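Asker: One file: protein-v6.tsv (TSV, C-alpha atoms and all ligand atoms).
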```
chain	number	residue	atom	x	y	z
A	1	MET	CA	21.63	-33.59	-29.74
A	2	LYS	CA	18.65	-31.24	-29.63
A	3	GLN	CA	19.36	-28.00	-27.84
A	4	ILE	CA	17.25	-26.23	-25.21
A	5	CYS	CA	18.11	-22.68	-24.25
A	6	THR	CA	16.98	-21.82	-20.73
A	7	ILE	CA	16.56	-18.20	-19.63
A	8	VAL	CA	16.57	-17.25	-15.95
A	9	GLY	CA	17.44	-14.09	-14.06
A	10	ALA	CA	15.64	-13.72	-10.72
A	11	ARG	CA	15.87	-15.67	-7.46
A	12	PRO	CA	12.70	-17.78	-7.82
A	13	GLN	CA	13.76	-18.77	-11.34
A	14	PHE	CA	17.00	-20.27	-10.08
A	15	ILE	CA	15.01	-22.38	-7.63
A	16	LYS	CA	12.58	-23.47	-10.35
A	17	CYS	CA	15.21	-24.30	-12.94
A	18	ALA	CA	17.34	-26.50	-10.65
A	19	PRO	CA	15.18	-29.66	-10.86
A	20	VAL	CA	14.25	-29.04	-14.50
A	21	SER	CA	17.86	-28.62	-15.63
A	22	ARG	CA	18.78	-31.84	-13.85
A	23	GLU	CA	16.14	-33.71	-15.87
A	24	ILE	CA	16.53	-32.09	-19.25
A	25	ARG	CA	20.31	-32.51	-19.27
A	26	LYS	CA	19.77	-36.28	-19.30
A	27	ASN	CA	18.28	-35.97	-22.78
A	28	PHE	CA	19.12	-32.60	-24.28
A	29	SER	CA	22.00	-30.23	-24.50
A	30	GLU	CA	21.11	-27.18	-22.38
A	31	ILE	CA	22.48	-23.67	-22.77
A	32	LEU	CA	21.81	-21.53	-19.72
A	33	ILE	CA	21.38	-17.76	-20.02
A	34	HIS	CA	21.37	-15.69	-16.80
A	35	THR	CA	20.01	-12.25	-17.62
A	36	GLY	CA	21.64	-10.72	-14.53
A	37	GLN	CA	18.33	-9.26	-13.27
A	38	HIS	CA	19.35	-10.41	-9.78
A	39	TYR	CA	23.06	-10.11	-9.12
A	40	ASP	CA	23.84	-9.86	-5.37
A	41	LYS	CA	25.67	-12.97	-4.23
A	42	ASN	CA	22.83	-13.88	-1.88
A	43	MET	CA	20.21	-13.37	-4.63
A	44	SER	CA	22.03	-15.33	-7.33
A	45	GLU	CA	25.37	-17.16	-6.89
A	46	THR	CA	24.33	-18.77	-3.59
A	47	PHE	CA	21.52	-20.61	-5.40
A	48	PHE	CA	23.72	-21.86	-8.22
A	49	GLN	CA	26.18	-23.27	-5.70
A	50	GLU	CA	23.73	-24.75	-3.21
A	51	LEU	CA	21.36	-26.24	-5.78
A	52	SER	CA	24.17	-27.44	-8.08
A	53	ILE	CA	22.78	-25.48	-11.02
A	54	PRO	CA	25.30	-25.57	-13.85
A	55	GLU	CA	27.32	-22.40	-14.37
A	56	PRO	CA	25.45	-20.12	-16.84
A	57	ASP	CA	26.88	-20.15	-20.36
A	58	TYR	CA	26.06	-16.45	-20.62
A	59	ASN	CA	25.53	-13.76	-17.99
A	60	LEU	CA	23.99	-10.69	-19.60
A	61	GLY	CA	24.61	-8.40	-16.63
A	62	SER	CA	21.36	-6.55	-17.27
A	63	GLY	CA	21.08	-5.34	-13.66
A	64	SER	CA	18.42	-3.08	-12.20
A	65	ALA	CA	16.57	-0.30	-14.05
A	66	ASN	CA	13.05	0.80	-14.92
A	67	HIS	CA	11.00	-1.90	-16.61
A	68	GLY	CA	11.49	-0.71	-20.18
A	69	GLU	CA	15.23	-0.26	-19.91
A	70	GLN	CA	15.80	-3.50	-17.99
A	71	THR	CA	13.66	-5.57	-20.39
A	72	ALA	CA	15.15	-3.89	-23.45
A	73	LYS	CA	18.72	-4.65	-22.40
A	74	MET	CA	17.82	-8.30	-21.94
A	75	LEU	CA	15.92	-8.45	-25.22
A	76	VAL	CA	18.84	-7.15	-27.27
A	77	ALA	CA	21.34	-9.49	-25.63
A	78	ILE	CA	19.11	-12.58	-25.76
A	79	GLU	CA	18.25	-11.97	-29.41
A	80	ASN	CA	21.93	-11.86	-30.37
A	81	ILE	CA	22.63	-15.13	-28.58
A	82	LEU	CA	19.60	-16.88	-30.08
A	83	ILE	CA	20.53	-15.77	-33.60
A	84	ASP	CA	23.90	-17.35	-33.02
A	85	LEU	CA	22.77	-20.56	-31.30
A	86	LYS	CA	19.51	-21.33	-33.11
A	87	PRO	CA	18.28	-23.58	-30.27
A	88	ASP	CA	15.36	-25.98	-30.80
A	89	ILE	CA	13.42	-24.55	-27.86
A	90	VAL	CA	13.63	-21.61	-25.48
A	91	LEU	CA	12.57	-22.38	-21.93
A	92	ILE	CA	11.28	-19.56	-19.72
A	93	TYR	CA	10.03	-19.50	-16.13
A	94	GLY	CA	7.39	-17.60	-14.22
A	95	ASP	CA	6.54	-13.95	-14.71
A	96	THR	CA	9.53	-11.64	-14.38
A	97	ASN	CA	11.05	-9.22	-16.87
A	98	SER	CA	13.54	-11.96	-17.74
A	99	THR	CA	10.58	-14.15	-18.73
A	100	ILE	CA	8.96	-11.68	-21.11
A	101	ALA	CA	12.32	-10.74	-22.65
A	102	GLY	CA	12.99	-14.40	-23.45
A	103	ALA	CA	9.50	-14.91	-24.87
A	104	LEU	CA	9.73	-11.85	-27.14
A	105	ALA	CA	13.21	-12.57	-28.43
A	106	ALA	CA	12.54	-16.24	-29.19
A	107	SER	CA	9.08	-15.91	-30.73
A	108	LYS	CA	10.20	-13.24	-33.20
A	109	LEU	CA	12.95	-15.59	-34.33
A	110	HIS	CA	10.34	-18.37	-34.73
A	111	ILE	CA	11.92	-20.45	-32.00
A	112	PRO	CA	9.25	-22.37	-30.03
A	113	VAL	CA	8.86	-21.12	-26.46
A	114	ALA	CA	8.14	-23.40	-23.52
A	115	HIS	CA	6.75	-21.55	-20.49
A	116	ILE	CA	7.06	-23.18	-17.08
A	117	GLU	CA	4.53	-21.92	-14.52
A	118	ALA	CA	2.21	-20.76	-17.30
A	119	GLY	CA	-1.46	-19.87	-16.94
A	120	LEU	CA	-1.38	-18.05	-13.62
A	121	ARG	CA	-3.43	-14.89	-13.28
A	122	SER	CA	-3.99	-12.43	-10.47
A	123	TYR	CA	-6.35	-10.39	-12.70
A	124	ASN	CA	-4.56	-7.31	-11.40
A	125	ARG	CA	-2.80	-5.51	-14.23
A	126	ASN	CA	-1.14	-3.11	-11.82
A	127	MET	CA	1.27	-5.94	-11.16
A	128	PRO	CA	4.09	-5.97	-13.72
A	129	GLU	CA	4.08	-9.76	-13.40
A	130	GLU	CA	0.51	-9.98	-14.75
A	131	ILE	CA	1.57	-8.25	-17.99
A	132	ASN	CA	4.61	-10.53	-18.23
A	133	ARG	CA	2.45	-13.64	-17.75
A	134	ILE	CA	-0.20	-12.72	-20.29
A	135	VAL	CA	2.32	-11.85	-23.01
A	136	SER	CA	4.57	-14.84	-22.30
A	137	ASP	CA	1.63	-17.25	-22.39
A	138	LYS	CA	0.35	-15.85	-25.67
A	139	LEU	CA	3.78	-16.32	-27.25
A	140	SER	CA	4.38	-19.86	-25.96
A	141	LYS	CA	3.95	-23.13	-27.78
A	142	TYR	CA	4.23	-25.27	-24.66
A	143	LEU	CA	2.38	-24.08	-21.56
A	144	PHE	CA	3.48	-26.14	-18.59
A	145	VAL	CA	0.98	-25.21	-15.89
A	146	PRO	CA	1.18	-26.00	-12.18
A	147	THR	CA	-2.51	-26.23	-11.25
A	148	GLN	CA	-5.98	-26.91	-12.65
A	149	THR	CA	-6.82	-23.24	-12.02
A	150	ALA	CA	-4.09	-22.30	-14.48
A	151	VAL	CA	-5.63	-24.64	-17.09
A	152	ASN	CA	-8.99	-22.93	-16.52
A	153	ASN	CA	-7.49	-19.43	-16.74
A	154	LEU	CA	-5.95	-20.22	-20.12
A	155	ALA	CA	-9.18	-21.83	-21.37
A	156	LYS	CA	-11.06	-18.62	-20.50
A	157	GLU	CA	-8.65	-16.79	-22.80
A	158	GLY	CA	-9.17	-19.38	-25.53
A	159	GLN	CA	-5.81	-21.05	-25.04
A	160	THR	CA	-6.15	-24.84	-24.87
A	161	ASP	CA	-3.52	-26.07	-27.34
A	162	GLY	CA	-0.16	-27.01	-25.88
A	163	VAL	CA	-1.39	-26.76	-22.27
A	164	TYR	CA	0.03	-29.46	-19.97
A	165	ASN	CA	-0.87	-29.65	-16.28
A	166	VAL	CA	2.37	-31.16	-15.01
A	167	GLY	CA	2.29	-29.83	-11.43
A	168	ASP	CA	4.58	-27.34	-9.78
A	169	VAL	CA	8.34	-27.51	-10.25
A	170	MET	CA	8.70	-25.64	-6.92
A	171	TYR	CA	7.21	-28.68	-5.22
A	172	ASP	CA	9.89	-30.82	-6.92
A	173	SER	CA	12.53	-28.49	-5.49
A	174	PHE	CA	10.99	-28.45	-2.03
A	175	LEU	CA	10.82	-32.25	-1.74
A	176	PHE	CA	14.28	-32.78	-3.21
A	177	ASN	CA	15.97	-30.35	-0.85
A	178	LEU	CA	14.07	-30.78	2.41
A	179	SER	CA	15.43	-34.27	2.96
A	180	ARG	CA	19.00	-33.10	2.35
A	181	ILE	CA	19.31	-30.43	5.05
A	182	ASP	CA	20.44	-30.51	8.65
A	183	LYS	CA	17.57	-28.59	10.27
A	184	ASP	CA	19.31	-28.21	13.64
A	185	LYS	CA	22.24	-26.51	11.98
A	186	VAL	CA	19.98	-23.95	10.34
A	187	LEU	CA	17.89	-23.26	13.45
A	188	SER	CA	20.98	-22.84	15.59
A	189	LYS	CA	22.61	-20.54	13.00
A	190	PHE	CA	19.64	-18.18	13.43
A	191	GLN	CA	19.29	-18.94	17.16
A	192	LEU	CA	15.70	-20.05	16.76
A	193	LYS	CA	13.57	-22.78	18.27
A	194	SER	CA	11.05	-24.71	16.24
A	195	GLU	CA	7.58	-23.06	16.22
A	196	GLU	CA	8.73	-20.19	18.44
A	197	PHE	CA	9.11	-17.63	15.68
A	198	ILE	CA	7.34	-16.05	12.74
A	199	LEU	CA	8.96	-15.87	9.31
A	200	ALA	CA	8.30	-12.81	7.15
A	201	THR	CA	9.24	-11.77	3.60
A	202	VAL	CA	8.16	-8.63	1.72
A	203	HIS	CA	9.14	-7.41	-1.74
A	204	ARG	CA	6.04	-6.52	-3.76
A	205	PRO	CA	6.01	-2.90	-5.00
A	206	GLN	CA	2.53	-2.36	-3.49
A	207	ASN	CA	4.03	-2.98	-0.03
A	208	THR	CA	7.45	-1.42	-0.53
A	209	ASP	CA	7.26	1.56	-2.86
A	210	ASP	CA	5.00	3.86	-0.82
A	211	PRO	CA	6.80	5.12	2.32
A	212	ILE	CA	3.54	5.38	4.28
A	213	ILE	CA	2.63	1.75	3.58
A	214	LEU	CA	6.14	0.39	4.19
A	215	ARG	CA	6.46	2.33	7.45
A	216	ALA	CA	3.05	1.09	8.62
A	217	LEU	CA	4.00	-2.49	7.81
A	218	ILE	CA	7.33	-2.37	9.64
A	219	SER	CA	5.73	-0.68	12.63
A	220	THR	CA	2.95	-3.31	12.76
A	221	LEU	CA	5.52	-6.12	12.68
A	222	GLU	CA	7.51	-4.43	15.47
A	223	ASN	CA	4.43	-4.11	17.61
A	224	LEU	CA	3.34	-7.73	17.30
A	225	ASN	CA	5.63	-8.61	20.21
A	226	GLU	CA	6.56	-11.85	18.53
A	227	LEU	CA	9.99	-12.99	17.46
A	228	ILE	CA	10.01	-12.40	13.71
A	229	LEU	CA	12.80	-13.41	11.37
A	230	PHE	CA	12.69	-11.21	8.28
A	231	PRO	CA	15.15	-12.10	5.51
A	232	ILE	CA	15.02	-8.83	3.68
A	233	HIS	CA	14.80	-8.58	-0.11
A	234	PRO	CA	17.22	-5.96	-1.52
A	235	ARG	CA	14.35	-3.96	-2.98
A	236	THR	CA	12.83	-3.59	0.50
A	237	ARG	CA	16.21	-2.98	2.16
A	238	ASN	CA	17.04	-0.21	-0.33
A	239	LEU	CA	13.65	1.46	0.02
A	240	MET	CA	13.76	1.33	3.83
A	241	ARG	CA	17.10	3.09	3.62
A	242	ASN	CA	15.78	5.70	1.15
A	243	PHE	CA	12.71	6.38	3.31
A	244	ASN	CA	14.75	6.43	6.55
A	245	ILE	CA	12.75	3.61	8.06
A	246	ALA	CA	14.64	1.99	10.91
A	247	VAL	CA	13.77	-1.00	13.05
A	248	ASN	CA	13.66	-0.26	16.75
A	249	SER	CA	12.50	-3.55	18.21
A	250	GLU	CA	14.66	-6.54	19.08
A	251	ASN	CA	11.76	-8.83	18.22
A	252	LEU	CA	11.93	-7.94	14.55
A	253	ARG	CA	15.16	-9.41	13.25
A	254	LEU	CA	16.13	-8.27	9.77
A	255	VAL	CA	18.70	-10.54	8.15
A	256	GLU	CA	20.23	-10.72	4.69
A	257	PRO	CA	18.41	-12.98	2.19
A	258	VAL	CA	19.01	-16.59	3.18
A	259	SER	CA	19.82	-19.56	0.97
A	260	TYR	CA	17.02	-21.75	-0.37
A	261	GLN	CA	17.82	-24.69	1.88
A	262	GLU	CA	17.91	-22.39	4.90
A	263	MET	CA	14.65	-20.83	3.81
A	264	ILE	CA	12.72	-24.07	3.56
A	265	VAL	CA	13.93	-25.15	7.02
A	266	LEU	CA	12.84	-21.78	8.41
A	267	GLU	CA	9.46	-22.17	6.69
A	268	LYS	CA	8.99	-25.69	8.03
A	269	HIS	CA	9.73	-24.62	11.62
A	270	ALA	CA	8.00	-21.23	11.69
A	271	ARG	CA	4.77	-20.95	13.67
A	272	VAL	CA	3.25	-18.65	11.05
A	273	ILE	CA	4.52	-17.19	7.78
A	274	ILE	CA	3.73	-13.62	6.73
A	275	THR	CA	4.59	-12.89	3.10
A	276	ASP	CA	3.74	-11.25	-0.18
A	277	SER	CA	5.87	-13.71	-2.15
A	278	GLY	CA	4.25	-16.11	-4.61
A	279	GLY	CA	6.73	-18.89	-3.95
A	280	VAL	CA	6.70	-18.53	-0.18
A	281	GLN	CA	2.88	-18.80	-0.09
A	282	LYS	CA	3.07	-22.21	-1.69
A	283	GLU	CA	5.99	-23.35	0.40
A	284	ALA	CA	4.02	-22.48	3.54
A	285	TYR	CA	1.43	-24.96	2.33
A	286	PHE	CA	4.04	-27.59	1.41
A	287	ALA	CA	5.49	-27.12	4.90
A	288	GLY	CA	2.09	-27.25	6.62
A	289	VAL	CA	2.50	-23.80	8.18
A	290	PRO	CA	-0.30	-21.19	8.25
A	291	CYS	CA	0.26	-18.25	5.94
A	292	ILE	CA	-0.90	-14.64	6.01
A	293	VAL	CA	-0.58	-13.00	2.60
A	294	LEU	CA	0.10	-9.27	2.36
A	295	ARG	CA	-1.76	-8.96	-0.91
A	296	GLY	CA	-5.33	-8.31	-1.97
A	297	GLU	CA	-5.41	-11.19	-4.42
A	298	THR	CA	-3.27	-14.16	-5.38
A	299	GLU	CA	-2.54	-16.43	-8.30
A	300	TRP	CA	-2.66	-19.38	-5.90
A	301	VAL	CA	-6.40	-19.17	-5.28
A	302	GLU	CA	-6.60	-22.79	-4.13
A	303	LEU	CA	-4.75	-21.84	-0.96
A	304	VAL	CA	-7.29	-19.18	-0.11
A	305	GLU	CA	-10.26	-21.38	-1.04
A	306	ASN	CA	-9.08	-24.21	1.20
A	307	GLY	CA	-8.48	-21.77	4.05
A	308	TRP	CA	-4.72	-22.19	4.21
A	309	ALA	CA	-3.74	-18.68	3.18
A	310	LYS	CA	-5.41	-15.53	4.48
A	311	LEU	CA	-5.29	-12.50	2.19
A	312	ILE	CA	-5.12	-9.19	4.05
A	313	GLY	CA	-3.77	-6.78	1.42
A	314	SER	CA	-2.50	-3.68	3.20
A	315	ASP	CA	-4.90	-4.06	6.15
A	316	PHE	CA	-2.00	-4.67	8.49
A	317	ASP	CA	-4.29	-4.11	11.50
A	318	LYS	CA	-5.67	-7.58	10.82
A	319	LEU	CA	-2.30	-9.20	11.55
A	320	PRO	CA	-2.45	-9.49	15.35
A	321	GLY	CA	-5.87	-11.18	15.25
A	322	LEU	CA	-4.83	-13.70	12.62
A	323	LEU	CA	-1.63	-14.84	14.33
A	324	PHE	CA	-3.49	-17.02	16.77
A	325	GLU	CA	-6.46	-17.99	14.64
A	326	LYS	CA	-6.91	-21.73	14.62
A	327	GLN	CA	-5.77	-23.19	11.33
A	328	THR	CA	-8.35	-24.97	9.22
A	329	GLU	CA	-8.00	-28.71	9.68
A	330	ILE	CA	-6.64	-29.72	6.33
A	331	HIS	CA	-3.71	-31.92	5.75
A	332	SER	CA	-1.14	-30.03	3.87
A	333	ASP	CA	-1.56	-32.38	0.98
A	334	SER	CA	0.12	-30.88	-2.03
A	335	ARG	CA	-1.70	-32.85	-4.72
A	336	ILE	CA	-3.17	-29.63	-6.04
A	337	PHE	CA	0.43	-28.89	-7.06
A	338	GLY	CA	1.03	-32.30	-8.62
A	339	GLY	CA	3.17	-35.13	-7.35
A	340	GLY	CA	6.58	-33.49	-7.08
A	341	ASN	CA	7.60	-34.87	-10.48
A	342	ALA	CA	6.77	-31.91	-12.71
A	343	SER	CA	10.33	-31.65	-14.07
A	344	HIS	CA	10.28	-35.25	-15.23
A	345	LYS	CA	6.89	-34.80	-16.89
A	346	ILE	CA	8.06	-31.66	-18.70
A	347	THR	CA	11.11	-33.47	-20.03
A	348	GLU	CA	9.03	-36.43	-21.20
A	349	ILE	CA	6.67	-34.13	-23.11
A	350	LEU	CA	9.55	-32.30	-24.78
A	351	LYS	CA	11.24	-35.62	-25.59
A	352	SER	CA	8.15	-37.07	-27.21
A	353	ASP	CA	7.79	-33.97	-29.38
A	354	LEU	CA	11.42	-33.31	-30.25
A	355	LEU	CA	13.34	-36.58	-30.20
B	401	LIG	C1	11.57	-9.30	-9.38
B	401	LIG	C2	10.36	-9.68	-10.21
B	401	LIG	C3	9.26	-10.22	-9.30
B	401	LIG	C4	9.78	-11.35	-8.46
B	401	LIG	C5	11.02	-10.93	-7.72
B	401	LIG	C6	11.61	-12.12	-7.02
B	401	LIG	C7	9.94	-8.29	-12.20
B	401	LIG	C8	9.13	-7.19	-12.77
B	401	LIG	N1	9.81	-8.50	-10.89
B	401	LIG	O1	11.18	-8.26	-8.50
B	401	LIG	O2	8.20	-10.72	-10.12
B	401	LIG	O3	8.77	-11.70	-7.54
B	401	LIG	O4	11.99	-10.44	-8.65
B	401	LIG	O5	12.51	-11.77	-6.03
B	401	LIG	O6	10.64	-8.95	-12.93
B	401	LIG	N2	18.24	-5.35	-6.19
B	401	LIG	C9	19.48	-5.42	-5.62
B	401	LIG	N3	20.23	-6.54	-5.86
B	401	LIG	C10	19.81	-7.56	-6.64
B	401	LIG	C11	18.54	-7.46	-7.23
B	401	LIG	C12	17.76	-6.35	-6.99
B	401	LIG	O7	19.92	-4.53	-4.91
B	401	LIG	O8	20.55	-8.55	-6.80
B	401	LIG	C13	17.39	-4.18	-5.88
B	401	LIG	C14	17.60	-2.99	-6.81
B	401	LIG	O9	17.43	-1.85	-6.05
B	401	LIG	C15	16.44	-3.13	-7.77
B	401	LIG	C16	15.34	-3.70	-6.87
B	401	LIG	O10	16.02	-4.56	-5.97
B	401	LIG	O11	16.06	-1.91	-8.33
B	401	LIG	C17	14.27	-4.46	-7.62
B	401	LIG	O12	14.85	-5.52	-8.41
B	401	LIG	P1	14.05	-6.06	-9.71
B	401	LIG	O13	14.71	-7.26	-10.21
B	401	LIG	O14	13.80	-4.96	-10.66
B	401	LIG	O15	12.62	-6.43	-9.14
B	401	LIG	P2	12.26	-7.29	-7.87
B	401	LIG	O16	11.51	-6.43	-6.93
B	401	LIG	O17	13.44	-8.02	-7.40
B	402	LIG	N1	13.75	-17.47	-0.75
B	402	LIG	C1	15.06	-17.75	-0.36
B	402	LIG	N2	15.67	-16.90	0.52
B	402	LIG	C2	15.05	-15.80	1.03
B	402	LIG	C3	13.72	-15.53	0.62
B	402	LIG	C4	13.10	-16.38	-0.28
B	402	LIG	O1	15.64	-18.74	-0.80
B	402	LIG	O2	15.68	-15.08	1.81
B	402	LIG	C5	13.10	-18.38	-1.72
B	402	LIG	C6	11.78	-18.94	-1.27
B	402	LIG	O3	11.98	-20.10	-0.49
B	402	LIG	C7	11.09	-19.22	-2.58
B	402	LIG	C8	11.63	-18.13	-3.50
B	402	LIG	O4	12.79	-17.63	-2.87
B	402	LIG	O5	11.49	-20.48	-3.09
B	402	LIG	C9	10.61	-17.05	-3.65
B	402	LIG	O6	11.19	-15.99	-4.31
B	402	LIG	P1	10.69	-14.49	-4.15
B	402	LIG	O7	9.90	-14.35	-2.91
B	402	LIG	O8	11.88	-13.63	-4.34
B	402	LIG	O9	9.79	-14.28	-5.45
B	402	LIG	P2	8.32	-14.69	-5.88
B	402	LIG	O10	8.10	-16.13	-5.60
B	402	LIG	O11	7.36	-13.79	-5.15
B	402	LIG	O12	8.29	-14.37	-7.33
```
Can I see the file as structure tokens?
Answerer:
Amino acid sequence: MKQICTIVGARPQFIKCAPVSREIRKNFSEILIHTGQHYDKNMSETFFQELSIPEPDYNLGSGSANHGEQTAKMLVAIENILIDLKPDIVLIYGDTNSTIAGALAASKLHIPVAHIEAGLRSYNRNMPEEINRIVSDKLSKYLFVPTQTAVNNLAKEGQTDGVYNVGDVMYDSFLFNLSRIDKDKVLSKFQLKSEEFILATVHRPQNTDDPIILRALISTLENLNELILFPIHPRTRNLMRNFNIAVNSENLRLVEPVSYQEMIVLEKHARVIITDSGGVQKEAYFAGVPCIVLRGETEWVELVENGWAKLIGSDFDKLPGLLFEKQTEIHSDSRIFGGGNASHKITEILKSDLL
């Protein structure tokens, strides 16, 4: 049986790989490498359990460090495993340091790389993710892109071979899981009523790493006088602690990161979502909930063009005004992200090439 080696390491990659692994294991043997980039139980193990992702064959325990050190640790460990296994394909996801480490290790060993969620660009090279995307795309043989914009981005860079617009695997995950959850259980766990709260997530360095910006953001959220549930990313939690930023309002409820199934229920029942997350922006759209994006630009430009997402960067003063702005009348029709069958399409393409 042909062998696919999948490399994941960060929370969104676990969510993306769940539907793909289910499909590819029907036809291929899959070896799963977890780089260990995310390691807290609620950033890693919870997702494997809840989404029935097979136990990783290898956990590299790379952990947290500066970019060079973190990526280098992964690169060394992945290379050793690939030399040993000689898989037919290496499958990478998204734009994290785990992605670029997988792309570098595999391509130098002449193992074809398949990149899921290829072709996205923010055109902001201050984001580490932008560097990871550009390099990973250049090194990939198969570029499985989620949107037409991603096809266009790659074409602008002269990359048209091996580009397949299959749709978004996160939409596969969203549809698969939403129908399997008891929403009342989740809302009552967090003592929330549908559409009577705001959901917020923040983890981008541009919002977290400068104490003045992070303090201003937290203080703006506190002063909105709205009930806000804020599942806090460990990066943000650690930096708030380092900068001595405390929350003094009962309206702003910081909770530990929640599971994926809990998260999509919270998204579906929030009145508004405030986020700097790539995945959460799209899920707001899948869920039909207005979204305010704490970034100056986004890879998901369709959502801004159709009026669903509002980009405010660090202009937090704009938040109060936007909370009650009437949402553009568009049906949250997710066709721009494909039909929710991206994982199947990816597997079919790999099958037709490899089997
Ligand atoms: C990483 C990705 C980012 C992605 C995000 C998803 C890179 C460069 N960044 O950012 O693209 O959007 O994951 O969540 O790959 N930490 C813990 N426990 C953990 C994991 C992290 O405490 O389980 C803390 C550590 O203090 C660490 C910090 O979070 O230094 C940042 O973690 P890291 O994986 O380097 O980057 P993220 O901000 O999570
Ligand atoms: N998510 C989750 N629990 C949380 C916060 C986010 O399950 O407490 C999910 C969210 O639904 C989405 C993914 O994590 O599917 C997004 O990951 P993240 O925001 O960490 O990274 P990004 O998408 O920005 O790379």
Asker: Using all atoms listed in the file, which residues of chain A come within 6 Å of ligand LIG 401 (chain B), and what is the closest atom pair for each, with the distance in Å to one decimal? Give it as JSON lines, sorted by chain and residue number.
Answerer:
```
{"residue": "A:Ala10", "atom": "CA", "partner": "B:LIG401", "partner_atom": "O4", "distance": 5.3}
{"residue": "A:Arg11", "atom": "CA", "partner": "B:LIG401", "partner_atom": "O5", "distance": 5.3}
{"residue": "A:Pro12", "atom": "CA", "partner": "B:LIG401", "partner_atom": "C6", "distance": 5.8}
{"residue": "A:Gln37", "atom": "CA", "partner": "B:LIG401", "partner_atom": "O13", "distance": 5.1}
{"residue": "A:His38", "atom": "CA", "partner": "B:LIG401", "partner_atom": "O8", "distance": 3.7}
{"residue": "A:Tyr39", "atom": "CA", "partner": "B:LIG401", "partner_atom": "O8", "distance": 3.8}
{"residue": "A:Asp40", "atom": "CA", "partner": "B:LIG401", "partner_atom": "O8", "distance": 3.8}
{"residue": "A:Met43", "atom": "CA", "partner": "B:LIG401", "partner_atom": "O8", "distance": 5.3}
{"residue": "A:Ser64", "atom": "CA", "partner": "B:LIG401", "partner_atom": "O11", "distance": 4.7}
{"residue": "A:Ala65", "atom": "CA", "partner": "B:LIG401", "partner_atom": "O11", "distance": 6.0}
{"residue": "A:Asp95", "atom": "CA", "partner": "B:LIG401", "partner_atom": "O2", "distance": 5.9}
{"residue": "A:Thr96", "atom": "CA", "partner": "B:LIG401", "partner_atom": "O6", "distance": 3.3}
{"residue": "A:Asn97", "atom": "CA", "partner": "B:LIG401", "partner_atom": "O6", "distance": 4.0}
{"residue": "A:Pro128", "atom": "CA", "partner": "B:LIG401", "partner_atom": "C8", "distance": 5.3}
{"residue": "A:Glu129", "atom": "CA", "partner": "B:LIG401", "partner_atom": "O2", "distance": 5.4}
{"residue": "A:His203", "atom": "CA", "partner": "B:LIG401", "partner_atom": "O16", "distance": 5.8}
{"residue": "A:Pro234", "atom": "CA", "partner": "B:LIG401", "partner_atom": "O7", "distance": 4.6}
{"residue": "A:Arg235", "atom": "CA", "partner": "B:LIG401", "partner_atom": "O10", "distance": 3.5}
{"residue": "A:Asn238", "atom": "CA", "partner": "B:LIG401", "partner_atom": "O9", "distance": 6.0}
```
Asker: Counting all atoms listed in the file, which residue out of A:Ser21, A:Thr275, A:Ser44, A:Thr99 sits closest to A:Ala200?
Answerer: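 Checking each candidate against A:Ala200, we get A:Thr275 as the closest.
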Asker: Set the distance at 12 Å and use all atoms listed in the file: which residues neighbour A:Leu60 once local chain neighbours fewer than 5 positions away are removed? I'd like the list as number ranges by chain.
Answerer: A: 7-9, 32-39, 70-81, 98
Asker: Which residues, written as a PyMOL selection string, have at least one atom at most 7 Å from stretch 159-174 of chain A, with all atoms listed in the file counted and residues fewer than 2 positions away on the same chain left out?
Answerer: chain A and resi 15-16+19+141-148+151+154-155+157+176-178+337-343+345-346
Asker: Write a file of the selected residues as a PDB file, in the frame of the given file, keeping C-alpha atoms.
Answerer:
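Saved to part_30.pdb:
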```pdb
ATOM      1  CA  ILE A  15      15.010 -22.380  -7.630  1.00  0.00           C
ATOM      2  CA  LYS A  16      12.580 -23.470 -10.350  1.00  0.00           C
ATOM      3  CA  PRO A  19      15.180 -29.660 -10.860  1.00  0.00           C
ATOM      4  CA  LYS A 141       3.950 -23.130 -27.780  1.00  0.00           C
ATOM      5  CA  TYR A 142       4.230 -25.270 -24.660  1.00  0.00           C
ATOM      6  CA  LEU A 143       2.380 -24.080 -21.560  1.00  0.00           C
ATOM      7  CA  PHE A 144       3.480 -26.140 -18.590  1.00  0.00           C
ATOM      8  CA  VAL A 145       0.980 -25.210 -15.890  1.00  0.00           C
ATOM      9  CA  PRO A 146       1.180 -26.000 -12.180  1.00  0.00           C
ATOM     10  CA  THR A 147      -2.510 -26.230 -11.250  1.00  0.00           C
ATOM     11  CA  GLN A 148      -5.980 -26.910 -12.650  1.00  0.00           C
ATOM     12  CA  VAL A 151      -5.630 -24.640 -17.090  1.00  0.00           C
ATOM     13  CA  LEU A 154      -5.950 -20.220 -20.120  1.00  0.00           C
ATOM     14  CA  ALA A 155      -9.180 -21.830 -21.370  1.00  0.00           C
ATOM     15  CA  GLU A 157      -8.650 -16.790 -22.800  1.00  0.00           C
ATOM     16  CA  PHE A 176      14.280 -32.780  -3.210  1.00  0.00           C
ATOM     17  CA  ASN A 177      15.970 -30.350  -0.850  1.00  0.00           C
ATOM     18  CA  LEU A 178      14.070 -30.780   2.410  1.00  0.00           C
ATOM     19  CA  PHE A 337       0.430 -28.890  -7.060  1.00  0.00           C
ATOM     20  CA  GLY A 338       1.030 -32.300  -8.620  1.00  0.00           C
ATOM     21  CA  GLY A 339       3.170 -35.130  -7.350  1.00  0.00           C
ATOM     22  CA  GLY A 340       6.580 -33.490  -7.080  1.00  0.00           C
ATOM     23  CA  ASN A 341       7.600 -34.870 -10.480  1.00  0.00           C
ATOM     24  CA  ALA A 342       6.770 -31.910 -12.710  1.00  0.00           C
ATOM     25  CA  SER A 343      10.330 -31.650 -14.070  1.00  0.00           C
ATOM     26  CA  LYS A 345       6.890 -34.800 -16.890  1.00  0.00           C
ATOM     27  CA  ILE A 346       8.060 -31.660 -18.700  1.00  0.00           C
TER      28      ILE A 346
END
```
